[in-house]
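Dropping target08.cif in here (mmCIF, C-alpha atoms and all ligand atoms; chains and numbers go by the auth columns):
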```
data_entry
#
loop_
_atom_site.group_PDB
_atom_site.id
_atom_site.type_symbol
_atom_site.label_atom_id
_atom_site.label_comp_id
_atom_site.label_asym_id
_atom_site.label_seq_id
_atom_site.Cartn_x
_atom_site.Cartn_y
_atom_site.Cartn_z
_atom_site.B_iso_or_equiv
_atom_site.auth_seq_id
_atom_site.auth_asym_id
ATOM 1 C CA MET A 1 92.920 5.352 -41.218 0.00 24 A
ATOM 2 C CA THR A 2 90.838 8.547 -41.288 0.00 25 A
ATOM 3 C CA LEU A 3 87.117 7.885 -41.010 0.00 26 A
ATOM 4 C CA ASN A 4 84.890 9.507 -43.594 0.00 27 A
ATOM 5 C CA LYS A 5 82.643 12.060 -41.983 0.00 28 A
ATOM 6 C CA ILE A 6 79.013 11.786 -43.078 0.00 29 A
ATOM 7 C CA SER A 7 77.271 15.111 -43.668 0.00 30 A
ATOM 8 C CA LYS A 8 74.279 15.942 -41.474 0.00 31 A
ATOM 9 C CA THR A 9 72.810 17.938 -44.354 0.00 32 A
ATOM 10 C CA GLN A 10 71.795 15.709 -47.236 0.00 33 A
ATOM 11 C CA PRO A 11 70.164 16.591 -50.577 0.00 34 A
ATOM 12 C CA GLU A 12 67.105 14.386 -51.093 0.00 35 A
ATOM 13 C CA LEU A 13 67.596 13.653 -54.772 0.00 36 A
ATOM 14 C CA PHE A 14 70.498 12.624 -56.947 0.00 37 A
ATOM 15 C CA GLU A 15 70.688 11.352 -60.485 0.00 38 A
ATOM 16 C CA PHE A 16 73.405 11.348 -63.120 0.00 39 A
ATOM 17 C CA THR A 17 73.393 13.973 -65.829 0.00 40 A
ATOM 18 C CA SER A 18 72.762 12.429 -69.247 0.00 41 A
ATOM 19 C CA ALA A 19 76.506 12.665 -70.040 0.00 42 A
ATOM 20 C CA ASN A 20 77.439 10.887 -66.819 0.00 43 A
ATOM 21 C CA LEU A 21 74.715 8.302 -67.297 0.00 44 A
ATOM 22 C CA LEU A 22 76.321 7.411 -70.635 0.00 45 A
ATOM 23 C CA LYS A 23 79.719 7.123 -68.928 0.00 46 A
ATOM 24 C CA ALA A 24 78.177 4.958 -66.203 0.00 47 A
ATOM 25 C CA GLU A 25 76.615 2.643 -68.805 0.00 48 A
ATOM 26 C CA LYS A 26 80.005 2.277 -70.499 0.00 49 A
ATOM 27 C CA GLU A 27 81.570 1.316 -67.159 0.00 50 A
ATOM 28 C CA ILE A 28 78.820 -1.220 -66.469 0.00 51 A
ATOM 29 C CA ASP A 29 79.244 -2.714 -69.954 0.00 52 A
ATOM 30 C CA LYS A 30 82.861 -3.594 -69.138 0.00 53 A
ATOM 31 C CA TYR A 31 81.636 -6.434 -66.906 0.00 54 A
ATOM 32 C CA PRO A 32 79.418 -9.504 -67.437 0.00 55 A
ATOM 33 C CA LYS A 33 75.728 -8.745 -66.820 0.00 56 A
ATOM 34 C CA SER A 34 75.777 -10.862 -63.645 0.00 57 A
ATOM 35 C CA ARG A 35 78.760 -8.839 -62.321 0.00 58 A
ATOM 36 C CA LYS A 36 77.448 -5.276 -62.643 0.00 59 A
ATOM 37 C CA ALA A 37 78.514 -4.574 -59.073 0.00 60 A
ATOM 38 C CA SER A 38 82.127 -4.518 -60.266 0.00 61 A
ATOM 39 C CA ALA A 39 81.457 -1.001 -61.622 0.00 62 A
ATOM 40 C CA VAL A 40 80.672 0.373 -58.155 0.00 63 A
ATOM 41 C CA LEU A 41 83.951 2.279 -57.648 0.00 64 A
ATOM 42 C CA ALA A 42 83.767 3.896 -61.081 0.00 65 A
ATOM 43 C CA LEU A 43 80.145 4.981 -60.533 0.00 66 A
ATOM 44 C CA LEU A 44 80.830 6.389 -57.078 0.00 67 A
ATOM 45 C CA TYR A 45 83.751 8.334 -58.529 0.00 68 A
ATOM 46 C CA LEU A 46 81.487 9.739 -61.265 0.00 69 A
ATOM 47 C CA ALA A 47 78.901 10.693 -58.646 0.00 70 A
ATOM 48 C CA GLN A 48 81.530 12.475 -56.558 0.00 71 A
ATOM 49 C CA ASN A 49 82.813 14.425 -59.579 0.00 72 A
ATOM 50 C CA GLN A 50 79.290 15.474 -60.481 0.00 73 A
ATOM 51 C CA ASN A 51 78.457 16.629 -56.954 0.00 74 A
ATOM 52 C CA ASN A 52 81.243 19.118 -56.124 0.00 75 A
ATOM 53 C CA ASN A 53 83.613 16.414 -54.923 0.00 76 A
ATOM 54 C CA TRP A 54 81.394 14.721 -52.331 0.00 77 A
ATOM 55 C CA ILE A 55 78.875 11.861 -52.330 0.00 78 A
ATOM 56 C CA PRO A 56 75.492 12.333 -50.645 0.00 79 A
ATOM 57 C CA MET A 57 73.450 9.384 -49.369 0.00 80 A
ATOM 58 C CA SER A 58 70.966 9.911 -52.222 0.00 81 A
ATOM 59 C CA ALA A 59 73.821 9.224 -54.695 0.00 82 A
ATOM 60 C CA ILE A 60 74.783 6.044 -52.827 0.00 83 A
ATOM 61 C CA LYS A 61 71.175 4.825 -53.106 0.00 84 A
ATOM 62 C CA TYR A 62 71.022 5.852 -56.783 0.00 85 A
ATOM 63 C CA VAL A 63 74.222 3.916 -57.607 0.00 86 A
ATOM 64 C CA ALA A 64 72.854 0.905 -55.695 0.00 87 A
ATOM 65 C CA ARG A 65 69.682 0.972 -57.818 0.00 88 A
ATOM 66 C CA LEU A 66 71.670 1.245 -61.071 0.00 89 A
ATOM 67 C CA LEU A 67 73.808 -1.746 -60.123 0.00 90 A
ATOM 68 C CA ASN A 68 71.047 -3.830 -58.509 0.00 91 A
ATOM 69 C CA MET A 69 73.043 -3.876 -55.290 0.00 92 A
ATOM 70 C CA PRO A 70 71.771 -3.644 -51.727 0.00 93 A
ATOM 71 C CA TYR A 71 72.227 -0.033 -50.630 0.00 94 A
ATOM 72 C CA ILE A 72 74.299 -1.117 -47.609 0.00 95 A
ATOM 73 C CA LYS A 73 76.914 -2.744 -49.883 0.00 96 A
ATOM 74 C CA VAL A 74 77.487 0.518 -51.787 0.00 97 A
ATOM 75 C CA TYR A 75 77.534 2.365 -48.464 0.00 98 A
ATOM 76 C CA GLU A 76 80.249 -0.016 -47.214 0.00 99 A
ATOM 77 C CA VAL A 77 82.405 0.730 -50.256 0.00 100 A
ATOM 78 C CA ALA A 78 81.887 4.505 -50.001 0.00 101 A
ATOM 79 C CA THR A 79 82.760 4.574 -46.306 0.00 102 A
ATOM 80 C CA PHE A 80 85.792 2.272 -46.677 0.00 103 A
ATOM 81 C CA TYR A 81 87.801 4.275 -49.225 0.00 104 A
ATOM 82 C CA SER A 82 89.121 7.574 -47.928 0.00 105 A
ATOM 83 C CA MET A 83 89.134 9.051 -51.448 0.00 106 A
ATOM 84 C CA PHE A 84 85.344 9.248 -51.272 0.00 107 A
ATOM 85 C CA ASN A 85 84.112 12.312 -49.410 0.00 108 A
ATOM 86 C CA LEU A 86 80.791 11.899 -47.643 0.00 109 A
ATOM 87 C CA SER A 87 80.438 15.528 -46.600 0.00 110 A
ATOM 88 C CA PRO A 88 80.950 18.777 -48.542 0.00 111 A
ATOM 89 C CA VAL A 89 84.543 19.787 -49.220 0.00 112 A
ATOM 90 C CA GLY A 90 85.846 23.224 -50.107 0.00 113 A
ATOM 91 C CA LYS A 91 86.602 24.479 -53.600 0.00 114 A
ATOM 92 C CA TYR A 92 90.164 23.869 -52.417 0.00 115 A
ATOM 93 C CA PHE A 93 90.426 20.450 -50.802 0.00 116 A
ATOM 94 C CA VAL A 94 93.679 20.046 -48.865 0.00 117 A
ATOM 95 C CA GLN A 95 94.801 16.473 -48.135 0.00 118 A
ATOM 96 C CA VAL A 96 97.782 16.332 -45.799 0.00 119 A
ATOM 97 C CA CYS A 97 99.821 13.126 -45.794 0.00 120 A
ATOM 98 C CA THR A 98 100.520 12.047 -42.213 0.00 121 A
ATOM 99 C CA THR A 99 102.090 8.638 -42.835 0.00 122 A
ATOM 100 C CA THR A 100 105.506 7.963 -41.247 0.00 123 A
ATOM 101 C CA PRO A 101 107.970 9.579 -43.744 0.00 124 A
ATOM 102 C CA CYS A 102 105.877 12.760 -43.906 0.00 125 A
ATOM 103 C CA MET A 103 105.222 12.673 -40.154 0.00 126 A
ATOM 104 C CA ILE A 104 108.905 12.519 -39.220 0.00 127 A
ATOM 105 C CA ARG A 105 109.625 15.347 -41.682 0.00 128 A
ATOM 106 C CA GLY A 106 107.051 17.723 -40.123 0.00 129 A
ATOM 107 C CA ALA A 107 103.499 16.758 -41.189 0.00 130 A
ATOM 108 C CA LYS A 108 102.209 17.671 -37.715 0.00 131 A
ATOM 109 C CA LYS A 109 103.245 21.295 -38.290 0.00 132 A
ATOM 110 C CA ILE A 110 101.267 21.253 -41.524 0.00 133 A
ATOM 111 C CA THR A 111 98.121 19.901 -39.890 0.00 134 A
ATOM 112 C CA ASP A 112 98.506 22.532 -37.138 0.00 135 A
ATOM 113 C CA ILE A 113 98.539 25.261 -39.795 0.00 136 A
ATOM 114 C CA CYS A 114 95.408 23.763 -41.378 0.00 137 A
ATOM 115 C CA LYS A 115 93.692 23.659 -37.984 0.00 138 A
ATOM 116 C CA LYS A 116 94.589 27.264 -37.263 0.00 139 A
ATOM 117 C CA ASN A 117 93.701 28.711 -40.663 0.00 140 A
ATOM 118 C CA ILE A 118 91.079 26.444 -42.249 0.00 141 A
ATOM 119 C CA SER A 119 89.094 24.695 -39.530 0.00 142 A
ATOM 120 C CA GLN A 120 89.801 23.235 -36.124 0.00 143 A
ATOM 121 C CA ASN A 121 88.503 19.825 -37.211 0.00 144 A
ATOM 122 C CA GLN A 122 89.130 17.844 -40.359 0.00 145 A
ATOM 123 C CA ASN A 123 86.384 17.642 -42.995 0.00 146 A
ATOM 124 C CA GLU A 124 84.852 20.985 -42.090 0.00 147 A
ATOM 125 C CA LEU A 125 84.666 24.048 -44.294 0.00 148 A
ATOM 126 C CA SER A 126 86.643 27.209 -43.583 0.00 149 A
ATOM 127 C CA GLU A 127 84.602 30.232 -42.523 0.00 150 A
ATOM 128 C CA ASN A 128 84.539 31.592 -46.071 0.00 151 A
ATOM 129 C CA LYS A 129 83.584 28.086 -47.311 0.00 152 A
ATOM 130 C CA LEU A 130 86.489 27.996 -49.785 0.00 153 A
ATOM 131 C CA CYS A 131 88.703 25.378 -48.109 0.00 154 A
ATOM 132 C CA SER A 132 88.558 22.157 -46.185 0.00 155 A
ATOM 133 C CA TRP A 133 91.290 19.775 -45.122 0.00 156 A
ATOM 134 C CA THR A 134 91.802 16.198 -44.076 0.00 157 A
ATOM 135 C CA GLU A 135 94.604 13.823 -43.109 0.00 158 A
ATOM 136 C CA VAL A 136 95.347 11.011 -45.565 0.00 159 A
ATOM 137 C CA GLU A 137 97.635 8.009 -45.799 0.00 160 A
ATOM 138 C CA CYS A 138 100.740 7.953 -48.029 0.00 161 A
ATOM 139 C CA LEU A 139 100.221 9.750 -51.337 0.00 162 A
ATOM 140 C CA GLY A 140 103.290 8.179 -52.911 0.00 163 A
ATOM 141 C CA ALA A 141 105.558 11.245 -52.816 0.00 164 A
ATOM 142 C CA CYS A 142 107.485 10.235 -49.672 0.00 165 A
ATOM 143 C CA VAL A 143 110.826 11.210 -51.176 0.00 166 A
ATOM 144 C CA ASN A 144 109.623 14.834 -51.192 0.00 167 A
ATOM 145 C CA ALA A 145 108.114 14.691 -47.685 0.00 168 A
ATOM 146 C CA PRO A 146 106.345 16.422 -46.108 0.00 169 A
ATOM 147 C CA MET A 147 103.695 17.009 -48.694 0.00 170 A
ATOM 148 C CA MET A 148 100.020 17.670 -49.310 0.00 171 A
ATOM 149 C CA GLN A 149 97.646 17.349 -52.236 0.00 172 A
ATOM 150 C CA ILE A 150 95.335 20.223 -53.124 0.00 173 A
ATOM 151 C CA ASN A 151 92.630 19.221 -55.601 0.00 174 A
ATOM 152 C CA GLN A 152 94.640 17.387 -58.289 0.00 175 A
ATOM 153 C CA ASP A 153 98.081 18.900 -57.538 0.00 176 A
ATOM 154 C CA TYR A 154 100.954 17.970 -55.219 0.00 177 A
ATOM 155 C CA PHE A 155 102.814 20.456 -53.000 0.00 178 A
ATOM 156 C CA GLU A 156 106.074 18.967 -51.732 0.00 179 A
ATOM 157 C CA ASP A 157 109.174 19.644 -49.583 0.00 180 A
ATOM 158 C CA LEU A 158 106.970 21.813 -47.380 0.00 181 A
ATOM 159 C CA ASN A 159 107.956 23.822 -44.325 0.00 182 A
ATOM 160 C CA GLU A 160 105.818 25.968 -42.046 0.00 183 A
ATOM 161 C CA THR A 161 106.399 29.223 -43.932 0.00 184 A
ATOM 162 C CA LYS A 162 105.619 27.725 -47.329 0.00 185 A
ATOM 163 C CA THR A 163 102.538 25.889 -46.041 0.00 186 A
ATOM 164 C CA ASP A 164 101.194 29.039 -44.424 0.00 187 A
ATOM 165 C CA GLU A 165 101.761 30.968 -47.658 0.00 188 A
ATOM 166 C CA ILE A 166 99.889 28.305 -49.672 0.00 189 A
ATOM 167 C CA ILE A 167 96.920 28.190 -47.295 0.00 190 A
ATOM 168 C CA GLN A 168 96.642 31.991 -47.190 0.00 191 A
ATOM 169 C CA LYS A 169 96.480 32.076 -51.003 0.00 192 A
ATOM 170 C CA LEU A 170 93.735 29.449 -51.049 0.00 193 A
ATOM 171 C CA LEU A 171 91.722 31.422 -48.533 0.00 194 A
ATOM 172 C CA LYS A 172 91.955 34.401 -50.893 0.00 195 A
ATOM 173 C CA ASP A 173 90.636 32.203 -53.718 0.00 196 A
ATOM 174 C CA GLU A 174 94.014 32.038 -55.462 0.00 197 A
ATOM 175 C CA PHE A 175 95.631 28.778 -56.521 0.00 198 A
ATOM 176 C CA PRO A 176 99.357 28.605 -55.636 0.00 199 A
ATOM 177 C CA GLU A 177 102.073 27.165 -57.862 0.00 200 A
ATOM 178 C CA PRO A 178 102.255 23.381 -57.251 0.00 201 A
ATOM 179 C CA GLY A 179 105.496 21.371 -56.977 0.00 202 A
ATOM 180 C CA SER A 180 108.502 21.376 -54.720 0.00 203 A
ATOM 181 C CA ALA A 181 108.898 24.250 -52.257 0.00 204 A
ATOM 182 C CA LYS A 182 112.656 23.775 -52.712 0.00 205 A
ATOM 183 C CA ASN A 183 112.350 23.996 -56.500 0.00 206 A
ATOM 184 C CA ARG A 184 113.527 20.428 -56.892 0.00 207 A
ATOM 185 C CA LYS A 185 112.786 18.970 -60.307 0.00 208 A
ATOM 186 C CA ASN A 186 110.581 15.968 -59.553 0.00 209 A
ATOM 187 C CA ASN A 187 112.608 14.092 -56.916 0.00 210 A
ATOM 188 C CA ALA A 188 116.102 15.080 -58.046 0.00 211 A
ATOM 189 C CA PRO A 189 118.683 15.756 -55.302 0.00 212 A
ATOM 190 C CA GLU A 190 118.333 19.215 -53.729 0.00 213 A
ATOM 191 C CA LYS A 191 121.662 20.364 -55.165 0.00 214 A
ATOM 192 C CA GLY A 192 120.941 19.102 -58.683 0.00 215 A
ATOM 193 C CA LYS A 193 121.575 15.872 -60.569 0.00 216 A
ATOM 194 C CA THR A 194 124.484 13.660 -59.551 0.00 217 A
ATOM 195 C CA THR A 195 123.964 10.815 -62.022 0.00 218 A
ATOM 196 C CA LEU A 196 122.882 10.412 -65.653 0.00 219 A
ATOM 197 C CA LEU A 197 124.469 13.783 -66.293 0.00 220 A
ATOM 198 C CA GLU A 198 124.986 12.993 -69.957 0.00 221 A
ATOM 199 C CA VAL A 199 121.283 12.097 -70.483 0.00 222 A
ATOM 200 C CA LYS A 200 119.219 15.059 -71.596 0.00 223 A
ATOM 201 C CA ASN A 201 115.808 15.317 -69.821 0.00 224 A
ATOM 202 C CA ALA A 202 116.724 12.529 -67.342 0.00 225 A
HETATM 203 S S1 LIG B . 104.515 9.143 -46.498 0.00 301 B
HETATM 204 FE FE1 LIG B . 103.787 11.021 -47.231 0.00 301 B
HETATM 205 S S2 LIG B . 103.774 10.742 -49.364 0.00 301 B
HETATM 206 FE FE2 LIG B . 104.398 8.818 -48.608 0.00 301 B
#
```
Just give me the structure as structure tokens.
Ligand code: FES
Amino acid sequence: MTLNKISKTQPELFEFTSANLLKAEKEIDKYPKSRKASAVLALLYLAQNQNNNWIPMSAIKYVARLLNMPYIKVYEVATFYSMFNLSPVGKYFVQVCTTTPCMIRGAKKITDICKKNISQNQNELSENKLCSWTEVECLGACVNAPMMQINQDYFEDLNETKTDEIIQKLLKDEFPEPGSAKNRKNNAPEKGKTTLLEVKNA
């Protein structure tokens, strides 16, 4: 499991925008009053979305106050789940799957390209501050391994050339076309469908 890196630079203040505060109240209302803490994941996710995709300590304390939870309990949740970023991430956040199916299909070559072009260490910004990368556990697209997620999109069936091309585009502030590098439709066989041929859109 990749450990969340905690930023050395921390903004002192955090509070939800009025729109997010409304969303937070709706989340809290889903649970009995004595179980407000159940909304902690939803509120941390809102905080991350509001703060350029990372959660500062001030947001962890703010969420703890809203939910009447000890700060350390919210901190435990935020540090446990790798989908919460505790240090700034780039405008383009590259998550490389390094679980077994992706690893045996070449994930190491992908992380090497990230190290060379984005930053030597995970969870650090590229020189132009546009990109950062991290290793993650299985993203559920093993059949199209190796793969990586960039922001909300999946890039699959990667090889070194394709990965390098994608990273170079990101560094130029361009977003590449997501999907399979082999132009597979979803997870269909590489040479096209072999079953359900008579079913349109299958
Ligand atoms: S192992 Fe990489 S997506 Fe599942």
Legend entry - Contacts of Thr186 of chain A within 9 Å, only C-alpha atoms, excl. fewer than 4 positions in-chain, as JSON, numbers by chain: {"A": [133, 136, 137, 178, 181, 182, 190, 191]}
Inset, instruction - Could I get the residue neighbourhood of ligand LIG 301 (chain B) at 9 Å, counting only C-alpha atoms and all ligand atoms, as a ChimeraX atom specification? - result: /A:119-126,130,159-171,179
Please save C-alpha atoms of the selected residues as an mmCIF file, in the coordinates of the input.
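What landed in result26.cif:
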```cif
data_model
loop_
_atom_site.group_PDB
_atom_site.id
_atom_site.type_symbol
_atom_site.label_atom_id
_atom_site.label_comp_id
_atom_site.auth_asym_id
_atom_site.auth_seq_id
_atom_site.Cartn_x
_atom_site.Cartn_y
_atom_site.Cartn_z
ATOM 1 C CA VAL A 119 97.782 16.332 -45.799
ATOM 2 C CA CYS A 120 99.821 13.126 -45.794
ATOM 3 C CA THR A 121 100.520 12.047 -42.213
ATOM 4 C CA THR A 122 102.090 8.638 -42.835
ATOM 5 C CA THR A 123 105.506 7.963 -41.247
ATOM 6 C CA PRO A 124 107.970 9.579 -43.744
ATOM 7 C CA CYS A 125 105.877 12.760 -43.906
ATOM 8 C CA MET A 126 105.222 12.673 -40.154
ATOM 9 C CA ALA A 130 103.499 16.758 -41.189
ATOM 10 C CA VAL A 159 95.347 11.011 -45.565
ATOM 11 C CA GLU A 160 97.635 8.009 -45.799
ATOM 12 C CA CYS A 161 100.740 7.953 -48.029
ATOM 13 C CA LEU A 162 100.221 9.750 -51.337
ATOM 14 C CA GLY A 163 103.290 8.179 -52.911
ATOM 15 C CA ALA A 164 105.558 11.245 -52.816
ATOM 16 C CA CYS A 165 107.485 10.235 -49.672
ATOM 17 C CA VAL A 166 110.826 11.210 -51.176
ATOM 18 C CA ASN A 167 109.623 14.834 -51.192
ATOM 19 C CA ALA A 168 108.114 14.691 -47.685
ATOM 20 C CA PRO A 169 106.345 16.422 -46.108
ATOM 21 C CA MET A 170 103.695 17.009 -48.694
ATOM 22 C CA MET A 171 100.020 17.670 -49.310
ATOM 23 C CA GLU A 179 106.074 18.967 -51.732
#
```
Inset, instruction - In Å, rounded to a single decimal, give me how far atom CA of Tyr104 of chain A is from atom CA of Leu64 of chain A. - result: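 One can read the atom CA of Leu64 of chain A to atom CA of Tyr104 of chain A distance as 9.5 Å.
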Inset, instruction - Go through the shown structure with the PyMOL selection byres (((chain A and resi 206) around 12) and not hetatm) and write out the matching residues as number ranges by chain. - result: A: 167, 178-181, 185, 200-205, 207-215
Adding 8 Å on each side of the box along x, y and z that holds all listed atoms of segment 125-140 of chain A, could you give its centre and edge lengths in Å to one decimal, as AutoDock Vina command-line options?
```
--center_x 101.7 --center_y 20.6 --center_z -40.5 --size_x 31.9 --size_y 32.2 --size_z 22.8
```
What would segment 95-105 of chain A look like with all heavy atoms in place, written as a PDB file, in the frame of the given file?
```pdb
ATOM      1  N   ILE A  95      73.267  -1.035 -48.662  1.00  0.00           N
ATOM      2  CA  ILE A  95      74.299  -1.117 -47.609  1.00  0.00           C
ATOM      3  C   ILE A  95      75.655  -1.532 -48.189  1.00  0.00           C
ATOM      4  O   ILE A  95      76.703  -1.126 -47.694  1.00  0.00           O
ATOM      5  CB  ILE A  95      73.846  -2.074 -46.473  1.00  0.00           C
ATOM      6  CG1 ILE A  95      74.763  -1.967 -45.260  1.00  0.00           C
ATOM      7  CG2 ILE A  95      73.768  -3.507 -46.945  1.00  0.00           C
ATOM      8  CD1 ILE A  95      74.701  -0.648 -44.571  1.00  0.00           C
ATOM      9  N   LYS A  96      75.644  -2.307 -49.263  1.00  0.00           N
ATOM     10  CA  LYS A  96      76.914  -2.744 -49.883  1.00  0.00           C
ATOM     11  C   LYS A  96      77.630  -1.553 -50.515  1.00  0.00           C
ATOM     12  O   LYS A  96      78.852  -1.426 -50.427  1.00  0.00           O
ATOM     13  CB  LYS A  96      76.644  -3.796 -50.970  1.00  0.00           C
ATOM     14  CG  LYS A  96      76.153  -5.098 -50.433  1.00  0.00           C
ATOM     15  CD  LYS A  96      77.265  -6.134 -50.499  1.00  0.00           C
ATOM     16  CE  LYS A  96      76.810  -7.440 -49.915  1.00  0.00           C
ATOM     17  NZ  LYS A  96      77.865  -8.223 -49.374  1.00  0.00           N
ATOM     18  N   VAL A  97      76.872  -0.674 -51.173  1.00  0.00           N
ATOM     19  CA  VAL A  97      77.487   0.518 -51.787  1.00  0.00           C
ATOM     20  C   VAL A  97      77.964   1.455 -50.666  1.00  0.00           C
ATOM     21  O   VAL A  97      79.045   2.052 -50.746  1.00  0.00           O
ATOM     22  CB  VAL A  97      76.483   1.234 -52.720  1.00  0.00           C
ATOM     23  CG1 VAL A  97      77.147   2.425 -53.403  1.00  0.00           C
ATOM     24  CG2 VAL A  97      75.950   0.263 -53.762  1.00  0.00           C
ATOM     25  N   TYR A  98      77.167   1.539 -49.624  1.00  0.00           N
ATOM     26  CA  TYR A  98      77.534   2.365 -48.464  1.00  0.00           C
ATOM     27  C   TYR A  98      78.858   1.870 -47.855  1.00  0.00           C
ATOM     28  O   TYR A  98      79.736   2.655 -47.508  1.00  0.00           O
ATOM     29  CB  TYR A  98      76.403   2.285 -47.445  1.00  0.00           C
ATOM     30  CG  TYR A  98      76.628   3.068 -46.180  1.00  0.00           C
ATOM     31  CD1 TYR A  98      76.331   4.431 -46.122  1.00  0.00           C
ATOM     32  CD2 TYR A  98      77.126   2.447 -45.035  1.00  0.00           C
ATOM     33  CE1 TYR A  98      76.538   5.149 -44.955  1.00  0.00           C
ATOM     34  CE2 TYR A  98      77.328   3.157 -43.874  1.00  0.00           C
ATOM     35  CZ  TYR A  98      77.035   4.497 -43.837  1.00  0.00           C
ATOM     36  OH  TYR A  98      77.241   5.206 -42.686  1.00  0.00           O
ATOM     37  N   GLU A  99      79.008   0.555 -47.765  1.00  0.00           N
ATOM     38  CA  GLU A  99      80.249  -0.016 -47.214  1.00  0.00           C
ATOM     39  C   GLU A  99      81.455   0.400 -48.042  1.00  0.00           C
ATOM     40  O   GLU A  99      82.509   0.746 -47.511  1.00  0.00           O
ATOM     41  CB  GLU A  99      80.160  -1.554 -47.198  1.00  0.00           C
ATOM     42  CG  GLU A  99      79.355  -2.106 -46.044  1.00  0.00           C
ATOM     43  CD  GLU A  99      79.042  -3.591 -46.216  1.00  0.00           C
ATOM     44  OE1 GLU A  99      79.483  -4.215 -47.203  1.00  0.00           O
ATOM     45  OE2 GLU A  99      78.335  -4.120 -45.356  1.00  0.00           O
ATOM     46  N   VAL A 100      81.297   0.352 -49.374  1.00  0.00           N
ATOM     47  CA  VAL A 100      82.405   0.730 -50.256  1.00  0.00           C
ATOM     48  C   VAL A 100      82.723   2.221 -50.074  1.00  0.00           C
ATOM     49  O   VAL A 100      83.878   2.618 -49.906  1.00  0.00           O
ATOM     50  CB  VAL A 100      82.047   0.435 -51.744  1.00  0.00           C
ATOM     51  CG1 VAL A 100      83.136   0.957 -52.670  1.00  0.00           C
ATOM     52  CG2 VAL A 100      81.854  -1.058 -51.952  1.00  0.00           C
ATOM     53  N   ALA A 101      81.684   3.045 -50.084  1.00  0.00           N
ATOM     54  CA  ALA A 101      81.887   4.505 -50.001  1.00  0.00           C
ATOM     55  C   ALA A 101      82.526   4.908 -48.676  1.00  0.00           C
ATOM     56  O   ALA A 101      83.325   5.850 -48.623  1.00  0.00           O
ATOM     57  CB  ALA A 101      80.549   5.218 -50.192  1.00  0.00           C
ATOM     58  N   THR A 102      82.193   4.200 -47.607  1.00  0.00           N
ATOM     59  CA  THR A 102      82.760   4.574 -46.306  1.00  0.00           C
ATOM     60  C   THR A 102      84.151   3.958 -46.093  1.00  0.00           C
ATOM     61  O   THR A 102      84.915   4.432 -45.263  1.00  0.00           O
ATOM     62  CB  THR A 102      81.845   4.133 -45.133  1.00  0.00           C
ATOM     63  OG1 THR A 102      81.509   2.767 -45.310  1.00  0.00           O
ATOM     64  CG2 THR A 102      80.587   4.963 -45.084  1.00  0.00           C
ATOM     65  N   PHE A 103      84.486   2.923 -46.860  1.00  0.00           N
ATOM     66  CA  PHE A 103      85.792   2.272 -46.677  1.00  0.00           C
ATOM     67  C   PHE A 103      86.920   3.090 -47.288  1.00  0.00           C
ATOM     68  O   PHE A 103      87.979   3.265 -46.687  1.00  0.00           O
ATOM     69  CB  PHE A 103      85.768   0.865 -47.297  1.00  0.00           C
ATOM     70  CG  PHE A 103      87.084   0.150 -47.171  1.00  0.00           C
ATOM     71  CD1 PHE A 103      87.439  -0.455 -45.976  1.00  0.00           C
ATOM     72  CD2 PHE A 103      87.977   0.105 -48.226  1.00  0.00           C
ATOM     73  CE1 PHE A 103      88.676  -1.097 -45.837  1.00  0.00           C
ATOM     74  CE2 PHE A 103      89.204  -0.531 -48.099  1.00  0.00           C
ATOM     75  CZ  PHE A 103      89.554  -1.137 -46.902  1.00  0.00           C
ATOM     76  N   TYR A 104      86.709   3.606 -48.502  1.00  0.00           N
ATOM     77  CA  TYR A 104      87.801   4.275 -49.225  1.00  0.00           C
ATOM     78  C   TYR A 104      87.855   5.751 -48.859  1.00  0.00           C
ATOM     79  O   TYR A 104      86.884   6.480 -49.058  1.00  0.00           O
ATOM     80  CB  TYR A 104      87.618   4.114 -50.738  1.00  0.00           C
ATOM     81  CG  TYR A 104      87.855   2.694 -51.191  1.00  0.00           C
ATOM     82  CD1 TYR A 104      86.796   1.854 -51.486  1.00  0.00           C
ATOM     83  CD2 TYR A 104      89.146   2.192 -51.311  1.00  0.00           C
ATOM     84  CE1 TYR A 104      87.017   0.542 -51.889  1.00  0.00           C
ATOM     85  CE2 TYR A 104      89.376   0.883 -51.707  1.00  0.00           C
ATOM     86  CZ  TYR A 104      88.307   0.067 -51.994  1.00  0.00           C
ATOM     87  OH  TYR A 104      88.522  -1.224 -52.385  1.00  0.00           O
ATOM     88  N   SER A 105      89.030   6.185 -48.384  1.00  0.00           N
ATOM     89  CA  SER A 105      89.121   7.574 -47.928  1.00  0.00           C
ATOM     90  C   SER A 105      89.086   8.573 -49.081  1.00  0.00           C
ATOM     91  O   SER A 105      88.924   9.761 -48.868  1.00  0.00           O
ATOM     92  CB  SER A 105      90.387   7.773 -47.087  1.00  0.00           C
ATOM     93  OG  SER A 105      91.514   7.478 -47.856  1.00  0.00           O
TER      94      SER A 105
END
```
